[in-house]
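Undergrad: Input structure: entry_32.cif, which contains mmCIF, C-alpha atoms.
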```cif
data_upload
#
loop_
_atom_site.label_atom_id
_atom_site.label_comp_id
_atom_site.auth_asym_id
_atom_site.auth_seq_id
_atom_site.Cartn_x
_atom_site.Cartn_y
_atom_site.Cartn_z
CA MET A 1 -4.48 -2.17 -19.20
CA THR A 2 -6.13 -5.08 -21.02
CA ARG A 3 -6.58 -4.66 -24.76
CA ILE A 4 -9.70 -6.19 -26.28
CA GLY A 5 -9.94 -6.28 -30.07
CA ILE A 6 -13.38 -6.60 -31.68
CA PHE A 7 -13.37 -7.48 -35.37
CA ASP A 8 -15.96 -5.34 -37.15
CA TYR A 9 -17.00 -6.98 -40.42
CA GLY A 10 -19.54 -4.26 -41.12
CA ALA A 11 -22.64 -6.29 -40.32
CA GLY A 12 -24.36 -4.29 -37.62
CA ASN A 13 -24.37 -2.30 -34.43
CA LEU A 14 -21.82 -3.53 -31.88
CA HIS A 15 -22.95 -1.12 -29.18
CA SER A 16 -24.61 -3.71 -26.90
CA LEU A 17 -21.53 -5.95 -26.94
CA VAL A 18 -19.16 -3.08 -26.21
CA LYS A 19 -21.38 -1.86 -23.37
CA ALA A 20 -21.49 -5.36 -21.85
CA ILE A 21 -17.71 -5.73 -21.64
CA GLU A 22 -16.42 -2.18 -21.09
CA GLY A 23 -15.17 -0.90 -17.78
CA GLY A 24 -12.29 -1.41 -15.40
CA GLU A 25 -8.81 -1.64 -16.87
CA ARG A 26 -10.00 -2.47 -20.38
CA ASN A 27 -9.16 -0.72 -23.63
CA ILE A 28 -11.64 -1.84 -26.31
CA SER A 29 -10.86 -1.26 -29.97
CA VAL A 30 -13.20 -1.99 -32.88
CA ASP A 31 -11.34 -2.58 -36.14
CA THR A 32 -12.25 -3.67 -39.67
CA ASP A 33 -8.80 -5.27 -40.08
CA ILE A 34 -8.71 -8.61 -38.28
CA ARG A 35 -4.91 -8.58 -38.23
CA SER A 36 -5.07 -5.39 -36.17
CA SER A 37 -7.69 -6.95 -33.88
CA LEU A 38 -5.35 -9.89 -33.29
CA LYS A 39 -2.73 -7.54 -31.82
CA ALA A 40 -4.97 -7.09 -28.76
CA ASP A 41 -4.75 -9.37 -25.74
CA ILE A 42 -8.00 -11.10 -26.73
CA LEU A 43 -9.90 -11.23 -30.02
CA ILE A 44 -13.69 -11.07 -30.07
CA LEU A 45 -15.70 -12.16 -33.11
CA PRO A 46 -19.14 -10.56 -32.68
CA GLY A 47 -22.47 -12.12 -33.51
CA VAL A 48 -24.34 -10.10 -36.13
CA GLY A 49 -24.51 -10.65 -39.88
CA ALA A 50 -24.12 -13.33 -42.55
CA PHE A 51 -21.34 -15.92 -42.73
CA GLY A 52 -20.27 -15.13 -46.30
CA ALA A 53 -19.87 -11.41 -45.75
CA ALA A 54 -18.11 -11.93 -42.43
CA VAL A 55 -15.46 -14.32 -43.73
CA ALA A 56 -14.96 -12.20 -46.86
CA ALA A 57 -14.19 -9.24 -44.59
CA MET A 58 -11.17 -11.15 -43.25
CA GLY A 59 -9.49 -10.50 -46.60
CA GLY A 60 -8.06 -13.99 -46.91
CA ALA A 61 -6.52 -13.96 -43.43
CA GLN A 62 -8.25 -17.16 -42.29
CA GLY A 63 -5.02 -19.15 -42.13
CA TYR A 64 -3.25 -16.39 -40.24
CA VAL A 65 -6.08 -16.21 -37.70
CA ARG A 66 -6.26 -19.99 -37.38
CA SER A 67 -2.54 -20.21 -36.62
CA ALA A 68 -2.75 -17.46 -34.01
CA LEU A 69 -5.69 -19.12 -32.22
CA ALA A 70 -4.11 -22.57 -32.43
CA ASP A 71 -0.98 -21.09 -30.81
CA GLY A 72 -3.07 -19.93 -27.84
CA LYS A 73 -4.31 -16.42 -28.67
CA PRO A 74 -7.44 -15.94 -26.48
CA CYS A 75 -10.60 -15.56 -28.54
CA LEU A 76 -14.35 -15.39 -27.92
CA GLY A 77 -16.78 -15.98 -30.79
CA VAL A 78 -20.41 -14.92 -30.28
CA CYS A 79 -23.22 -16.43 -32.39
CA LEU A 80 -21.98 -15.83 -35.96
CA GLY A 81 -18.52 -15.39 -34.44
CA MET A 82 -18.71 -18.97 -33.16
CA GLN A 83 -19.77 -20.18 -36.61
CA MET A 84 -16.77 -18.44 -38.19
CA LEU A 85 -14.49 -20.73 -36.19
CA PHE A 86 -15.68 -23.68 -38.32
CA ASP A 87 -14.79 -24.76 -41.86
CA ALA A 88 -17.79 -23.62 -43.90
CA SER A 89 -21.49 -22.73 -43.74
CA GLU A 90 -24.59 -23.68 -45.73
CA GLU A 91 -25.75 -20.08 -45.33
CA THR A 92 -23.64 -18.95 -48.28
CA PRO A 93 -22.68 -21.92 -50.52
CA GLY A 94 -19.54 -21.24 -52.46
CA ALA A 95 -18.41 -18.50 -50.11
CA GLU A 96 -14.92 -18.32 -48.70
CA SER A 97 -14.08 -20.83 -45.99
CA GLY A 98 -14.27 -20.06 -42.31
CA ILE A 99 -11.30 -19.90 -39.96
CA GLY A 100 -11.28 -23.69 -39.67
CA LEU A 101 -9.99 -23.84 -36.10
CA ILE A 102 -12.71 -26.35 -35.20
CA PRO A 103 -13.30 -28.98 -37.91
CA GLY A 104 -16.97 -29.14 -38.85
CA GLN A 105 -19.78 -27.48 -40.74
CA VAL A 106 -22.45 -24.88 -40.06
CA THR A 107 -25.87 -26.10 -41.20
CA ARG A 108 -29.38 -24.65 -41.32
CA LEU A 109 -31.79 -25.58 -38.55
CA LEU A 110 -34.25 -28.17 -39.89
CA THR A 111 -37.11 -27.30 -37.58
CA PRO A 112 -40.68 -26.11 -38.22
CA LYS A 113 -39.83 -22.71 -36.74
CA VAL A 114 -36.78 -20.87 -38.10
CA PRO A 115 -35.07 -18.74 -36.96
CA HIS A 116 -34.60 -19.77 -33.38
CA MET A 117 -35.40 -16.56 -31.52
CA GLY A 118 -35.69 -15.88 -27.80
CA TRP A 119 -34.68 -17.44 -24.51
CA ASN A 120 -33.70 -21.09 -24.29
CA GLU A 121 -31.96 -23.47 -21.90
CA ILE A 122 -28.27 -24.35 -21.83
CA GLU A 123 -27.46 -27.98 -21.04
CA TRP A 124 -23.90 -28.21 -19.75
CA ALA A 125 -22.10 -31.45 -20.60
CA SER A 126 -20.08 -33.03 -17.83
CA ARG A 127 -16.42 -33.72 -18.56
CA GLY A 128 -16.89 -37.43 -17.90
CA LYS A 129 -19.90 -37.65 -20.19
CA ARG A 130 -18.05 -35.93 -23.00
CA LYS A 131 -15.19 -38.42 -22.79
CA ALA A 132 -17.54 -41.40 -22.56
CA GLU A 133 -19.62 -40.31 -25.56
CA ASN A 134 -16.54 -40.06 -27.74
CA GLY A 135 -14.63 -43.02 -26.35
CA LYS A 136 -11.42 -41.04 -26.15
CA ARG A 137 -9.60 -38.50 -24.08
CA GLU A 138 -10.60 -34.88 -24.61
CA PRO A 139 -8.08 -32.82 -26.55
CA GLY A 140 -6.22 -30.65 -24.10
CA THR A 141 -7.58 -32.38 -20.99
CA GLY A 142 -5.36 -31.60 -18.07
CA ASN A 143 -3.65 -28.54 -19.48
CA ARG A 144 -4.03 -25.14 -17.89
CA GLU A 145 -5.84 -23.54 -20.81
CA THR A 146 -8.58 -26.15 -20.78
CA SER A 147 -9.07 -26.19 -17.02
CA VAL A 148 -9.21 -22.40 -16.73
CA ALA A 149 -11.63 -21.86 -19.60
CA ASP A 150 -13.86 -24.73 -18.51
CA SER A 151 -13.85 -23.44 -14.95
CA ALA A 152 -15.25 -20.05 -15.95
CA LEU A 153 -17.87 -21.60 -18.19
CA ARG A 154 -19.09 -24.22 -15.75
CA GLN A 155 -19.07 -21.93 -12.75
CA SER A 156 -21.11 -19.29 -14.54
CA GLN A 157 -24.32 -21.04 -13.43
CA MET A 158 -25.90 -19.71 -16.62
CA SER A 159 -28.87 -21.94 -17.42
CA THR A 160 -30.75 -19.83 -19.98
CA ALA A 161 -29.64 -17.38 -22.66
CA TYR A 162 -30.99 -15.33 -25.52
CA PHE A 163 -30.62 -16.87 -29.00
CA ALA A 164 -31.13 -15.48 -32.50
CA ASN A 165 -29.94 -18.02 -35.05
CA ALA A 166 -31.10 -19.94 -38.09
CA TYR A 167 -27.84 -21.91 -38.44
CA VAL A 168 -26.01 -24.19 -36.02
CA CYS A 169 -22.52 -25.65 -35.69
CA LYS A 170 -21.81 -29.35 -36.17
CA PRO A 171 -18.26 -30.14 -35.03
CA GLU A 172 -16.69 -33.36 -36.26
CA ASP A 173 -15.55 -34.06 -32.69
CA ASP A 174 -18.24 -33.62 -30.02
CA SER A 175 -15.58 -33.39 -27.31
CA ARG A 176 -15.25 -29.75 -28.39
CA VAL A 177 -18.79 -29.14 -27.12
CA LEU A 178 -19.18 -27.84 -23.57
CA ALA A 179 -22.94 -27.26 -23.74
CA TRP A 180 -25.98 -28.09 -25.86
CA THR A 181 -29.33 -26.46 -26.55
CA THR A 182 -32.53 -27.95 -27.97
CA HIS A 183 -34.87 -26.01 -30.25
CA GLN A 184 -38.02 -28.01 -31.05
CA ASP A 185 -36.60 -31.33 -32.33
CA ALA A 186 -33.05 -30.11 -33.02
CA ARG A 187 -30.21 -30.41 -30.50
CA PHE A 188 -27.15 -28.33 -31.29
CA ALA A 189 -23.89 -27.14 -29.76
CA SER A 190 -24.36 -23.88 -27.88
CA VAL A 191 -20.86 -23.62 -26.33
CA VAL A 192 -17.63 -24.95 -27.83
CA ARG A 193 -14.01 -24.70 -26.75
CA THR A 194 -10.60 -25.51 -28.17
CA ALA A 195 -7.23 -24.19 -26.97
CA ASN A 196 -7.92 -20.67 -25.60
CA THR A 197 -10.88 -20.11 -27.90
CA VAL A 198 -14.50 -20.25 -26.75
CA GLY A 199 -17.54 -19.97 -28.99
CA VAL A 200 -21.12 -19.39 -27.84
CA GLN A 201 -24.15 -19.67 -30.11
CA PHE A 202 -26.23 -17.36 -27.91
CA HIS A 203 -25.89 -13.64 -27.24
CA PRO A 204 -24.54 -13.12 -23.69
CA GLU A 205 -24.70 -9.35 -24.14
CA LYS A 206 -28.47 -9.66 -24.60
CA SER A 207 -28.95 -12.23 -21.82
CA SER A 208 -29.54 -9.90 -18.88
CA VAL A 209 -27.21 -9.67 -15.88
CA SER A 210 -26.27 -13.35 -15.96
CA GLY A 211 -25.18 -13.03 -19.58
CA ARG A 212 -23.02 -9.99 -18.90
CA ASN A 213 -21.46 -11.70 -15.89
CA PHE A 214 -20.83 -14.77 -18.04
CA VAL A 215 -19.11 -12.98 -20.92
CA ASN A 216 -16.92 -10.91 -18.60
CA GLY A 217 -15.99 -13.97 -16.56
CA VAL A 218 -14.98 -15.89 -19.67
CA ILE A 219 -12.91 -12.97 -20.97
CA ASP A 220 -11.09 -12.64 -17.65
CA GLU A 221 -10.36 -16.36 -17.42
CA LEU A 222 -9.17 -16.67 -21.03
CA LEU A 223 -6.82 -13.73 -20.50
CA GLN A 224 -5.15 -15.66 -17.69
CA CYS A 225 -4.19 -18.33 -20.25
CA LYS A 226 -2.35 -16.13 -22.73
#
```
Please go through the file and, once you have read it, give me the structure as structure tokens.
TA:
Amino acid sequence: MTRIGIFDYGAGNLHSLVKAIEGGERNISVDTDIRSSLKADILILPGVGAFGAAVAAMGGAQGYVRSALADGKPCLGVCLGMQMLFDASEETPGAESGIGLIPGQVTRLLTPKVPHMGWNEIEWASRGKRKAENGKREPGTGNRETSVADSALRQSQMSTAYFANAYVCKPEDDSRVLAWTTHQDARFASVVRTANTVGVQFHPEKSSVSGRNFVNGVIDELLQCK
């Protein structure tokens, strides 16, 4: 039986996410204590709410979570959950820091239309292009965790997804970015990966059948890495 731990920071209804991933040999627990959620085989950071409230709900456990994820604990961050993986957010200046697994900031979209709501395209970055753009070898290239996670993401054939965001992630190292999305004149990271942690800016649970197939495929592949 696979244990999936969803961290509930009290921001909204998690029903659609739970429905998208339940079934088979999966035991899904929803917990307000992130340390308890980390005891599962994979941690999921859901995608509803505000950055400040979400990181405050961790109760100062950011360092503990960061160490667990850096050591290889599988994790999937969805929308706000992806943003929590970064250092800090403009959404709530002066709030507690994020998990800090991926160095970088979360900034507000500077586009005529905010928030970014609805369906949009996903532009997958090729491995060669990512290395060429940064002039250096990708962190983790060649290890099993990277190849497995990337395989699930790239083979998903997911070209469009449903977004609902006013803030976007800006990693210091673009080699963390597996896919990009453009909203009006802003291009931002829509999929990131480091170690056994994947973050997606969109909502796969709201992205029809392809989105549900995607999120379940990524969960299954990340679990193979633990």
Undergrad: Which is closest to Glu90 of chain A among A:Ala20, A:Leu109, A:Ala164, A:Leu45, if we use all atoms listed in the file?
TA: A:Leu109
Undergrad: What is the distance between atom CA of Cys79 of chain A and atom CA of Thr197 of chain A, in Å to one decimal?
TA: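 Interatomic distance here is 13.6 Å.
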Undergrad: Between A:Pro171, A:Gly72, A:Gly63, A:Gly49, which residue has the minimum interatomic distance to Pro103 of chain A, considering all atoms listed in the file?
TA: A:Pro171
Undergrad: What residues come out when you apply the PyMOL selection byres ((chain A and resi 95) around 9) to this file, written as a list in words?
TA: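 When the PyMOL selection byres ((chain A and resi 95) around 9) is applied to the shown file, the picked residues are Phe51, Gly52, Ala53, Val55, Ala56, Ala88, Ser89, Glu91, Thr92, Pro93, Gly94, Glu96, Ser97 and Gly98 of chain A.
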Undergrad: Quick one: of A:Lys73, A:Arg35, A:Lys113, A:Arg212, who's nearest to Ala61 of chain A, counting only C-alpha atoms?
TA: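 Closest to Ala61 of chain A, using only C-alpha atoms: A:Arg35.
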Undergrad: Please write the residues picked by the PyMOL selection byres ((chain A and resi 23-25) around 9) on this file as a ChimeraX atom specification.
TA: /A:1-3,19-22,26-27
Undergrad: Compile the contact shell of Met82 of chain A as a list in words: residues with an atom at most 6 Å away, counting all atoms listed in the file, same-chain residues fewer than 3 positions apart removed.
TA: Gly77, Val78, Cys79, Leu85, Gly199 and Val200 of chain A
